[in-house]
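**Student:** What follows is structure_21.txt, made up of compact mmCIF, C-alpha atoms:
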```
# COMPACT_ATOMS: atom_id res chain seq x y z
CA ALA A 25 9.98 17.26 -7.88
CA GLU A 26 7.57 19.58 -9.69
CA TYR A 27 5.31 16.60 -10.41
CA ALA A 28 5.22 15.81 -6.70
CA MET A 29 4.17 19.39 -6.05
CA GLU A 30 0.93 18.68 -7.92
CA GLY A 31 -0.31 16.05 -5.50
CA ARG A 32 0.83 13.83 -2.68
CA ALA A 33 -0.49 10.60 -4.13
CA ASP A 34 -2.04 9.01 -7.17
CA GLU A 35 -5.06 11.27 -7.25
CA GLY A 36 -6.22 10.62 -10.82
CA ASP A 37 -8.09 13.54 -12.32
CA GLU A 38 -8.73 15.37 -9.06
CA GLY A 39 -7.12 18.59 -10.25
CA ASP A 40 -10.46 20.22 -11.00
CA GLU A 41 -11.79 19.42 -7.53
CA LYS A 42 -8.65 20.89 -5.97
CA GLN A 43 -8.85 24.05 -8.05
CA GLU A 44 -12.48 24.55 -7.13
CA LEU A 45 -11.61 23.89 -3.49
CA LEU A 46 -9.05 26.68 -3.55
CA GLU A 47 -11.73 28.97 -4.94
CA MET A 48 -14.13 28.24 -2.05
CA GLU A 49 -15.34 31.17 -0.04
CA ASP A 50 -13.64 31.72 3.30
CA PHE A 51 -16.25 30.39 5.71
CA GLY A 52 -16.53 31.84 9.19
CA ILE A 53 -15.23 29.64 11.97
CA GLY A 54 -17.37 28.75 14.95
CA ASN A 55 -18.46 25.85 17.07
CA GLU A 56 -21.16 24.13 14.99
CA GLN A 57 -22.26 27.44 13.50
CA GLU A 58 -23.50 28.30 10.04
CA ASP A 59 -22.63 31.35 7.99
CA GLU A 60 -25.87 32.21 6.22
CA GLU A 61 -24.26 34.75 3.91
CA ASP A 62 -22.10 32.27 1.99
CA GLY A 63 -23.70 28.95 2.92
CA GLY A 64 -20.60 27.69 4.72
CA ASN A 65 -20.86 25.39 7.70
CA ILE A 66 -18.20 24.34 10.21
CA TRP A 67 -18.82 21.94 13.06
CA GLY A 68 -16.58 20.60 15.77
CA ALA A 69 -14.19 23.57 15.40
CA PRO A 70 -12.29 25.16 18.29
CA LYS A 71 -12.79 28.79 19.27
CA LYS A 72 -9.71 30.02 17.38
CA ARG A 73 -9.86 30.82 13.67
CA LEU A 74 -8.59 27.96 11.53
CA LYS A 75 -6.11 28.61 8.71
CA GLU A 76 -5.88 26.78 5.40
CA ASP A 77 -2.82 24.91 6.70
CA ASP A 78 -4.86 23.44 9.56
CA PHE A 79 -6.94 21.11 7.39
CA ASP A 80 -5.58 17.74 6.30
CA TRP A 81 -8.14 15.99 4.06
CA VAL A 82 -10.92 16.89 1.63
CA MET A 83 -13.97 14.74 0.95
CA VAL A 84 -15.85 15.56 -2.25
CA PHE A 85 -19.55 14.85 -2.80
CA LYS A 86 -21.20 15.04 -6.20
CA LEU A 87 -24.52 16.86 -6.08
CA GLU A 88 -26.59 14.70 -8.43
CA GLU A 89 -29.59 15.72 -10.51
CA GLU A 90 -33.05 14.68 -9.35
CA MET A 91 -33.97 11.13 -10.45
CA GLU A 92 -37.02 9.31 -9.07
CA THR A 93 -36.57 5.82 -7.61
CA LYS A 94 -38.66 3.55 -5.37
CA CYS A 95 -37.25 2.87 -1.90
CA CYS A 96 -39.03 1.03 0.93
CA GLY A 97 -42.41 1.55 -0.74
CA LEU A 98 -41.86 5.31 -1.07
CA ILE A 99 -41.03 7.38 -4.11
CA LYS A 100 -37.78 9.25 -3.46
CA THR A 101 -35.47 11.13 -5.75
CA PHE A 102 -31.94 9.87 -6.27
CA ASN A 103 -30.69 13.16 -4.89
CA GLU A 104 -32.67 12.66 -1.68
CA LEU A 105 -31.28 9.14 -1.23
CA ASN A 106 -27.76 10.39 -1.83
CA GLN A 107 -28.30 13.24 0.62
CA ASP A 108 -29.44 10.74 3.26
CA LYS A 109 -26.19 8.81 2.85
CA GLN A 110 -24.16 12.03 2.88
CA VAL A 111 -25.83 13.12 6.12
CA LYS A 112 -24.91 9.76 7.65
CA VAL A 113 -21.27 10.24 6.64
CA LYS A 114 -21.28 13.75 8.10
CA ASN A 115 -22.79 12.52 11.35
CA ASN A 116 -20.14 9.80 11.58
CA LEU A 117 -17.42 12.42 11.14
CA ARG A 118 -19.05 14.64 13.76
CA ASN A 119 -19.37 11.79 16.26
CA ALA A 120 -15.66 10.97 15.79
CA ASN A 121 -14.82 14.47 17.12
CA LEU A 122 -13.41 15.66 13.80
CA ILE A 123 -13.36 19.29 12.69
CA VAL A 124 -15.11 19.66 9.33
CA GLN A 125 -15.54 22.71 7.11
CA GLU A 126 -18.37 22.42 4.61
CA GLY A 127 -18.92 24.39 1.41
CA LYS A 128 -19.99 24.11 -2.21
CA SER A 129 -17.88 24.58 -5.31
CA ARG A 130 -18.24 27.73 -7.41
CA ASP A 131 -20.52 26.09 -9.95
CA GLY A 132 -22.53 24.38 -7.23
CA ASP A 133 -22.21 20.82 -8.51
CA GLU A 134 -19.93 19.56 -5.72
CA LEU A 135 -19.84 19.70 -1.95
CA PHE A 136 -16.48 19.86 -0.17
CA LEU A 137 -15.74 18.77 3.39
CA ARG A 138 -12.36 19.90 4.66
CA ILE A 139 -11.39 17.65 7.56
CA THR A 140 -8.95 17.80 10.44
CA ALA A 141 -8.97 16.94 14.15
CA PRO A 142 -8.18 18.76 17.41
CA VAL A 143 -4.63 18.26 18.66
CA ASP A 144 -5.71 16.28 21.72
CA ARG A 145 -7.84 14.01 19.50
CA MET A 146 -4.83 13.40 17.24
CA GLU A 147 -2.67 12.55 20.23
CA ARG A 148 -5.16 9.98 21.53
CA GLU A 149 -5.50 8.40 18.10
CA ALA A 150 -1.72 8.31 17.60
CA GLU A 151 -1.41 6.34 20.84
CA ARG A 152 -4.27 4.01 19.86
CA MET A 153 -2.81 3.27 16.41
CA GLU A 154 0.66 2.76 17.96
CA LEU A 155 2.30 5.42 15.81
CA LYS A 156 6.10 5.38 15.87
CA MET A 157 7.69 8.81 16.22
CA ARG A 158 11.22 10.13 16.35
CA LEU A 159 12.58 10.98 19.81
CA ARG A 160 14.09 14.33 20.71
CA GLU A 161 17.87 14.55 20.61
CA SER A 162 17.97 14.85 24.41
CA GLU A 163 16.23 11.44 24.64
CA VAL A 164 18.59 9.67 22.22
CA THR A 165 21.46 7.60 23.61
CA SER A 166 23.40 7.26 20.32
CA LYS A 167 24.36 9.43 17.38
CA PHE A 168 21.60 7.86 15.27
CA PRO A 169 17.90 8.81 15.38
CA GLN A 170 15.75 6.64 17.62
CA TYR A 171 12.01 5.98 17.50
CA ASP A 172 9.40 4.84 19.98
CA LEU A 173 5.64 4.31 20.16
CA PHE A 174 3.84 7.57 20.85
CA LYS A 175 2.21 7.95 24.26
CA VAL A 176 0.26 11.01 25.34
CA ALA A 177 1.75 10.90 28.83
CA GLU A 178 5.27 10.91 27.36
CA LYS A 179 4.79 13.29 24.45
CA HIS A 180 7.55 15.56 25.75
CA ARG A 181 10.06 12.89 24.69
CA PHE A 182 9.26 13.19 20.98
CA LYS A 183 10.56 15.48 18.28
CA GLY A 184 8.21 18.39 17.70
CA SER A 185 6.98 18.51 21.29
CA GLY A 186 8.23 22.09 21.45
CA ASN A 187 5.72 23.15 18.80
CA PRO A 188 2.85 24.90 20.63
CA GLU A 189 0.36 24.12 17.84
CA CYS A 190 0.94 20.46 16.94
CA ILE A 191 3.59 17.87 17.71
CA PHE A 192 3.00 15.92 14.50
CA SER A 193 4.50 16.44 11.04
CA SER A 194 2.31 16.95 7.98
CA ILE A 195 2.35 13.30 6.86
CA GLU A 196 1.77 12.09 10.45
CA ARG A 197 -1.27 14.34 10.81
CA GLN A 198 -2.75 12.99 7.60
CA ARG A 199 -2.20 9.39 8.67
CA ILE A 200 -3.79 10.06 12.05
CA VAL A 201 -6.85 11.84 10.64
CA LEU A 202 -7.32 9.13 8.01
CA SER A 203 -7.09 6.53 10.78
CA ILE A 204 -9.86 8.34 12.69
CA ILE A 205 -12.02 8.39 9.55
CA GLU A 206 -11.54 4.67 8.89
CA SER A 207 -11.33 3.21 12.41
CA LYS A 208 -14.35 1.54 13.98
CA LYS A 209 -16.86 3.46 16.04
CA VAL A 210 -16.04 1.35 19.11
CA ASP A 211 -12.51 2.77 18.85
CA GLY A 212 -13.85 6.31 18.62
CA GLY A 213 -13.54 6.55 14.83
CA ALA A 214 -16.02 7.46 12.12
CA GLY A 215 -16.28 3.86 10.90
CA ILE A 216 -16.14 4.85 7.22
CA ASP A 217 -14.75 2.28 4.80
CA VAL A 218 -13.28 4.74 2.32
CA GLU A 219 -12.90 2.38 -0.63
CA LYS A 220 -16.37 0.83 -0.32
CA THR A 221 -18.08 4.15 0.36
CA LYS A 222 -16.36 5.70 -2.63
CA ALA A 223 -17.24 2.71 -4.83
CA ALA A 224 -20.89 3.06 -3.76
CA GLY A 225 -20.88 6.63 -5.09
CA ILE A 226 -21.63 8.29 -1.75
CA PHE A 227 -18.61 10.55 -2.24
CA SER A 228 -16.39 10.90 -5.28
CA GLN A 229 -12.94 11.71 -3.88
CA LEU A 230 -10.92 11.83 -0.67
CA PHE A 231 -7.52 13.46 -1.01
CA PRO A 232 -4.95 15.17 1.26
CA LEU A 233 -4.37 18.90 1.26
CA HIS A 234 -1.10 20.73 0.78
CA GLU A 235 0.33 23.13 3.33
CA PRO A 236 0.91 26.35 1.32
CA THR A 237 3.76 27.54 3.56
CA MET A 238 5.66 24.26 3.42
CA LEU A 239 4.87 23.83 -0.27
CA GLY A 240 6.40 27.23 -1.05
CA TRP A 241 9.55 26.32 0.90
CA LEU A 242 9.91 23.03 -0.98
CA LYS A 243 9.45 24.74 -4.33
CA SER A 244 12.16 27.32 -3.67
CA ASN A 245 14.60 25.04 -1.83
CA TRP A 246 14.08 21.81 -3.73
CA ALA A 247 12.00 21.81 -6.91
CA ILE A 248 13.92 24.66 -8.59
CA ALA A 249 17.10 24.56 -6.48
CA PHE A 250 19.18 22.47 -8.86
CA THR A 251 22.51 23.11 -7.11
CA LYS A 252 21.31 22.27 -3.58
CA LYS A 253 21.32 18.88 -1.93
CA GLN A 254 17.88 17.32 -1.69
CA PRO A 255 16.29 17.89 1.75
CA LEU A 256 15.26 14.24 2.03
CA ASP A 257 14.32 14.41 5.72
CA ILE A 258 11.93 17.30 5.06
CA ILE A 259 10.54 15.57 1.96
CA ARG A 260 9.94 12.50 4.08
CA ASP A 261 8.14 14.52 6.78
CA TYR A 262 5.91 16.13 4.14
CA TYR A 263 5.27 13.40 1.55
CA GLY A 264 6.15 10.23 3.45
CA GLU A 265 8.86 7.60 3.14
CA LYS A 266 7.71 6.17 -0.19
CA ILE A 267 8.02 9.47 -2.08
CA ALA A 268 11.23 10.40 -0.27
CA LEU A 269 12.84 7.06 -1.18
CA TYR A 270 11.88 7.56 -4.81
CA PHE A 271 13.62 10.94 -4.97
CA ALA A 272 16.60 9.52 -3.06
CA TRP A 273 16.91 6.85 -5.76
CA LEU A 274 16.48 9.46 -8.49
CA GLY A 275 19.19 11.68 -7.01
CA LEU A 276 21.66 8.79 -6.72
CA TYR A 277 20.85 7.63 -10.25
CA LEU A 278 21.45 11.08 -11.75
CA THR A 279 24.72 11.36 -9.84
CA PHE A 280 25.91 7.99 -11.14
CA LEU A 281 24.94 8.91 -14.71
CA TRP A 282 27.76 11.45 -14.88
CA ALA A 283 30.34 8.71 -15.51
CA PRO A 284 28.67 6.97 -18.52
CA ALA A 285 27.51 10.35 -19.84
CA LEU A 286 31.03 11.85 -19.99
CA ILE A 287 32.70 8.65 -21.22
CA GLY A 288 29.89 8.07 -23.72
CA LEU A 289 30.22 11.64 -25.03
CA ALA A 290 33.97 11.22 -25.53
CA PHE A 291 33.39 7.88 -27.26
CA PHE A 292 30.73 9.42 -29.54
CA ILE A 293 33.05 12.28 -30.51
CA TYR A 294 35.75 9.73 -31.36
CA GLN A 295 33.28 7.83 -33.55
CA LEU A 296 32.34 11.00 -35.43
CA ALA A 297 35.97 11.98 -35.92
CA SER A 298 37.07 8.53 -37.12
CA LYS A 299 33.82 7.87 -39.03
CA ASP A 300 34.01 4.36 -37.67
CA PHE A 301 30.96 3.55 -35.56
CA ASP A 302 31.80 -0.12 -35.20
CA ASN A 303 35.37 0.09 -33.92
CA GLN A 304 37.38 -1.97 -31.45
CA TYR A 305 36.36 0.19 -28.46
CA VAL A 306 32.63 -0.66 -28.64
CA PRO A 307 32.96 -3.92 -26.64
CA TRP A 308 34.99 -2.13 -23.96
CA PHE A 309 32.35 0.58 -23.59
CA ALA A 310 29.65 -2.10 -23.33
CA LEU A 311 31.69 -3.85 -20.62
CA PHE A 312 32.08 -0.54 -18.76
CA VAL A 313 28.30 0.02 -18.80
CA ALA A 314 27.72 -3.50 -17.45
CA PHE A 315 30.11 -2.89 -14.54
CA TRP A 316 28.61 0.60 -13.97
CA ALA A 317 25.10 -0.87 -13.68
CA THR A 318 26.31 -3.41 -11.10
CA PHE A 319 28.08 -0.75 -9.03
CA PHE A 320 24.99 1.48 -9.15
CA LEU A 321 22.69 -1.30 -7.92
CA GLU A 322 25.01 -2.13 -5.04
CA ALA A 323 25.38 1.56 -4.12
CA TRP A 324 21.59 1.95 -4.07
CA LYS A 325 21.18 -1.10 -1.83
CA ARG A 326 23.56 0.46 0.68
CA TYR A 327 21.93 3.90 0.45
CA ASN A 328 18.44 2.43 0.70
CA ALA A 329 19.42 0.42 3.80
CA GLU A 330 20.94 3.55 5.36
CA LEU A 331 17.77 5.62 4.81
CA ALA A 332 15.54 2.76 5.98
CA PHE A 333 17.57 2.61 9.22
CA LEU A 334 17.54 6.39 9.77
CA TRP A 335 13.78 6.56 9.08
CA ASP A 336 12.97 3.37 11.00
CA VAL A 337 11.21 1.60 8.13
CA GLN A 338 13.29 -1.61 8.01
CA ASP A 339 10.29 -3.61 9.22
CA PHE A 340 7.78 -1.67 7.17
CA GLU A 341 6.33 -4.72 5.41
CA GLU A 342 5.74 -6.53 8.72
CA GLU A 343 4.01 -3.48 10.22
CA GLU A 344 2.15 -2.44 7.04
CA GLU A 345 -1.61 -2.09 7.31
CA THR A 346 -3.97 -4.47 5.54
CA ARG A 347 -5.41 -3.43 2.16
CA HIS A 348 -9.08 -2.46 2.04
CA ASP A 349 -9.74 -5.01 -0.72
CA TYR A 350 -8.19 -7.87 1.27
CA TYR A 351 -10.73 -10.48 2.33
CA GLY A 352 -10.65 -13.63 4.45
CA ASP A 353 -11.93 -15.22 7.65
CA TRP A 354 -11.69 -13.41 10.96
CA ARG A 355 -9.38 -14.89 13.60
CA ILE A 356 -7.30 -13.95 16.63
CA SER A 357 -3.67 -13.50 15.58
CA PRO A 358 -1.39 -15.97 17.38
CA ILE A 359 1.34 -13.30 17.44
CA THR A 360 -0.37 -9.99 18.30
CA ARG A 361 -3.47 -11.54 19.92
CA LYS A 362 -5.56 -9.06 17.95
CA ARG A 363 -8.49 -9.73 15.65
CA GLU A 364 -7.41 -9.90 12.01
CA ARG A 365 -8.47 -11.21 8.62
CA TRP A 366 -6.76 -14.44 7.57
CA TYR A 367 -6.70 -16.01 4.13
CA LYS A 368 -5.78 -19.68 3.99
CA PRO A 369 -2.30 -20.10 2.45
CA TRP A 370 -3.28 -23.12 0.34
CA LYS A 371 -5.93 -21.06 -1.45
CA ARG A 372 -3.38 -18.41 -2.42
CA LYS A 373 -0.92 -21.10 -3.59
CA VAL A 374 -3.62 -22.54 -5.86
CA LYS A 375 -4.21 -19.07 -7.26
CA TYR A 376 -0.47 -18.61 -7.80
CA CYS A 377 -0.38 -21.84 -9.82
CA VAL A 378 -3.30 -20.67 -11.96
CA SER A 379 -1.60 -17.28 -12.46
CA ILE A 380 1.65 -18.95 -13.53
CA PHE A 381 -0.26 -21.10 -16.02
CA VAL A 382 -2.06 -18.05 -17.47
CA ILE A 383 1.23 -16.12 -17.70
CA PHE A 384 2.84 -19.09 -19.46
CA ILE A 385 0.01 -19.03 -22.02
CA MET A 386 0.48 -15.28 -22.53
CA ILE A 387 4.24 -15.72 -23.02
CA SER A 388 3.56 -18.50 -25.52
CA ILE A 389 1.22 -16.20 -27.45
CA VAL A 390 3.92 -13.52 -27.51
CA VAL A 391 6.54 -15.98 -28.79
CA MET A 392 4.19 -17.26 -31.51
CA SER A 393 3.26 -13.70 -32.50
CA MET A 394 6.89 -12.62 -32.80
CA THR A 395 7.71 -15.77 -34.78
CA ALA A 396 4.84 -15.01 -37.15
CA VAL A 397 6.07 -11.42 -37.59
CA LEU A 398 9.62 -12.61 -38.35
CA LEU A 399 8.32 -15.14 -40.90
CA PHE A 400 6.20 -12.43 -42.51
CA ARG A 401 9.22 -10.11 -42.65
CA ALA A 402 11.32 -12.77 -44.37
CA TRP A 403 8.53 -13.41 -46.89
CA ALA A 404 7.84 -9.69 -47.47
CA ILE A 405 11.50 -8.84 -48.12
CA VAL A 406 11.59 -11.45 -50.90
CA HIS A 407 8.21 -10.78 -52.53
CA ILE A 408 7.76 -7.03 -51.88
CA PRO A 409 11.29 -5.78 -51.23
CA LYS A 410 10.33 -2.10 -51.51
CA TYR A 411 7.79 -2.15 -48.66
CA GLY A 412 8.58 -5.43 -46.90
CA GLY A 413 10.70 -4.02 -44.08
CA GLY A 414 8.28 -1.18 -43.33
CA LEU A 415 5.24 -3.44 -43.34
CA ALA A 416 6.92 -5.92 -41.01
CA GLY A 417 7.93 -3.14 -38.62
CA SER A 418 4.41 -1.68 -38.59
CA LEU A 419 2.90 -5.12 -37.99
CA ASN A 420 5.34 -5.70 -35.13
CA ALA A 421 4.35 -2.37 -33.51
CA VAL A 422 0.63 -3.18 -33.79
CA VAL A 423 1.15 -6.65 -32.26
CA ILE A 424 3.16 -5.21 -29.35
CA ILE A 425 0.55 -2.53 -28.55
CA PHE A 426 -2.35 -4.98 -28.82
CA LEU A 427 -0.76 -7.71 -26.70
CA ASN A 428 0.48 -5.18 -24.14
CA SER A 429 -3.05 -3.83 -23.60
CA ILE A 430 -4.40 -7.36 -23.13
CA TYR A 431 -1.57 -8.44 -20.84
CA GLN A 432 -2.00 -5.38 -18.62
CA LYS A 433 -5.68 -6.18 -18.06
CA VAL A 434 -4.96 -9.87 -17.45
CA ALA A 435 -2.12 -9.10 -15.03
CA THR A 436 -4.23 -6.61 -13.05
CA SER A 437 -7.12 -9.08 -12.83
CA LEU A 438 -4.82 -11.87 -11.66
CA ASN A 439 -3.23 -9.59 -9.08
CA ASP A 440 -6.64 -8.61 -7.69
CA TRP A 441 -7.76 -12.25 -7.66
CA GLU A 442 -4.68 -13.41 -5.70
CA ASN A 443 -5.92 -11.35 -2.71
CA HIS A 444 -2.67 -9.81 -1.41
CA ARG A 445 -2.76 -8.58 2.18
CA THR A 446 -0.66 -5.41 1.89
CA ASP A 447 -0.04 -2.77 -0.77
CA THR A 448 3.62 -3.83 -0.95
CA ASP A 449 2.65 -7.42 -1.75
CA TYR A 450 0.11 -6.18 -4.28
CA GLU A 451 2.62 -3.94 -6.05
```
Would it be possible to restate this file's structure as structure tokens?
**Tutor:**
Amino acid sequence: AEYAMEGRADEGDEGDEKQELLEMEDFGIGNEQEDEEDGGNIWGAPKKRLKEDDFDWVMVFKLEEEMETKCCGLIKTFNELNQDKQVKVKNNLRNANLIVQEGKSRDGDELFLRITAPVDRMEREAERMELKMRLRESEVTSKFPQYDLFKVAEKHRFKGSGNPECIFSSIERQRIVLSIIESKKVDGGAGIDVEKTKAAGIFSQLFPLHEPTMLGWLKSNWAIAFTKKQPLDIIRDYYGEKIALYFAWLGLYLTFLWAPALIGLAFFIYQLASKDFDNQYVPWFALFVAFWATFFLEAWKRYNAELAFLWDVQDFEEEEETRHDYYGDWRISPITRKRERWYKPWKRKVKYCVSIFVIFIMISIVVMSMTAVLLFRAWAIVHIPKYGGGLAGSLNAVVIIFLNSIYQKVATSLNDWENHRTDTDYE
């Protein structure tokens, strides 16, 4: 739980950017106005003063050193070229009706854009992206939660409609704002391909912001509240279903561990008292652990299905968005009648066959390596009995580390090459 407090996603080494962001000066809020005293700049903001909780995403630009390069027959510095691209990104955000707060880091080597959207803009985008939201209890016809596609005209039907500031939860707001950033200009979005723009070096990071108020509540009522039940619904609303399901699994696993822990402790005490570590009860304990593992897996399947039903993510894989790195030919979907990328199935099957062949070769190398280590161990024990076992063990460790590093690179490359459509398929 404390690890999750540090960031909502795999953010790499973005801690420094976040720390510098928190140290930013408090820029004055206005409608496309500039605060000359501290260099801050906010555009697209409403008349009211925005709080730290109101922003959802941060885009980080590296302010590069001057480097001359030739462009279109003119001599320009690298910094000028990068600034041109940054201005284009800013204009795209502005044209998408996003609220952006601009400011430099303390040491002046990075530019931060804190991004959010007006409530009415979020509502329109939620309807466009067909966001599913939980209905209010008064709209539900059964004892279980029900969900429906969000519509602006029917927003009073959804949970959170009583909130005067925003109907959406933290994770919903982030998904909506990110959708505005990435959606096409014809759909009213900024038209920014985050992955490609980041890979081109135009900006260095894009990461979501915490809500300090909610974060403090989670720390006191979850991260350090060891005797309380996990607030999974609140975790889901803040971090999303993926993180919430992980902690649901972790909680169930720790609960199930009580049985083998207590029985294992009693068994260990018996072994110490009898000084017999290889007694007749060892097979029975091993059998118990085997049955325990089976019961745990079945219990998790039931619990996972229950949460998936309550959170309306049973069909998540069918509704999951396409990965940015996915490529293929454009076509009109025969099911949704919408334009989509399509990769011919026979091409992926050919790639699967190649991947299986490569994996078979890697497994063969592992088997041959382990056989060689075992043969060396047998030889070393006979010829150098004093150091034979240690040398064989060290050699085995080196082989495992070396082959593991190679296999990880090969597996990642094959996975990228297979061109999976969704993140679930990729993982």
**Student:** Which residues come within 9 Å of A:Glu265, counting all atoms listed in the file, excluding same-chain residues fewer than 6 positions away, as a PDB file with C-alpha atoms, keeping the file's coordinate frame?
**Tutor:**
```pdb
ATOM      1  CA  ILE A 259      10.540  15.570   1.960  1.00  0.00           C
ATOM      2  CA  ALA A 332      15.540   2.760   5.980  1.00  0.00           C
ATOM      3  CA  TRP A 335      13.780   6.560   9.080  1.00  0.00           C
ATOM      4  CA  VAL A 337      11.210   1.600   8.130  1.00  0.00           C
TER       5      VAL A 337
END
```
**Student:** Nearest to A:Arg445: which of A:Lys109, A:Asp349, A:Ser379, A:Phe319 is it, counting all atoms listed in the file?
**Tutor:**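 When distances to A:Arg445 are compared using all atoms listed in the file, the smallest one comes from A:Asp349.
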**Student:** Return the single residue from A:His444, A:Asp78, A:Met83, A:Lys167 that is closest to A:His348, with distances computed using only C-alpha atoms.
**Tutor:**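 The answer is A:His444, which sits nearest to A:His348.
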**Student:** Please, what distance in Å, to one decimal, runs between atom CA of A:Ile385 and atom CA of A:Leu398?
**Tutor:**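 Result for atom CA of A:Ile385 versus atom CA of A:Leu398: 20.0 Å, one decimal.
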**Student:** Enter the distance from atom CA of A:Ile267 to atom CA of A:Asp447, in Å, rounded to one decimal.
**Tutor:**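 Calculated distance between atom CA of A:Ile267 and atom CA of A:Asp447 is 14.7 Å.
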**Student:** Selecting N, CA and C atoms, how would stretch 434-446 of chain A from this structure be written as a compact mmCIF listing (two decimals), in the first residue's frame?
**Tutor:**
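Contents of selection31.txt, as written:
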```txt
# COMPACT_ATOMS: atom_id res chain seq x y z
N VAL A 434 15.19 -11.22 -25.24
CA VAL A 434 14.59 -11.94 -26.37
C VAL A 434 13.07 -11.98 -26.24
N ALA A 435 12.59 -12.27 -25.02
CA ALA A 435 11.14 -12.37 -24.80
C ALA A 435 10.46 -11.02 -25.04
N THR A 436 11.06 -9.93 -24.57
CA THR A 436 10.49 -8.60 -24.78
C THR A 436 10.45 -8.25 -26.27
N SER A 437 11.54 -8.56 -26.98
CA SER A 437 11.59 -8.28 -28.42
C SER A 437 10.53 -9.08 -29.18
N LEU A 438 10.38 -10.36 -28.82
CA LEU A 438 9.37 -11.19 -29.48
C LEU A 438 7.96 -10.67 -29.19
N ASN A 439 7.74 -10.25 -27.95
CA ASN A 439 6.42 -9.74 -27.58
C ASN A 439 6.08 -8.47 -28.36
N ASP A 440 7.07 -7.58 -28.51
CA ASP A 440 6.86 -6.37 -29.29
C ASP A 440 6.60 -6.71 -30.76
N TRP A 441 7.32 -7.67 -31.26
CA TRP A 441 7.24 -8.04 -32.68
C TRP A 441 5.89 -8.68 -33.02
N GLU A 442 5.28 -9.37 -32.05
CA GLU A 442 4.01 -10.06 -32.29
C GLU A 442 2.84 -9.10 -32.46
N ASN A 443 3.03 -7.82 -32.09
CA ASN A 443 2.04 -6.78 -32.37
C ASN A 443 0.68 -7.08 -31.72
N HIS A 444 0.65 -7.12 -30.39
CA HIS A 444 -0.59 -7.37 -29.66
C HIS A 444 -1.46 -6.10 -29.63
N ARG A 445 -2.76 -6.29 -29.72
CA ARG A 445 -3.67 -5.15 -29.85
C ARG A 445 -3.88 -4.41 -28.54
N THR A 446 -4.00 -5.15 -27.43
CA THR A 446 -4.30 -4.51 -26.14
C THR A 446 -3.17 -4.76 -25.15
```
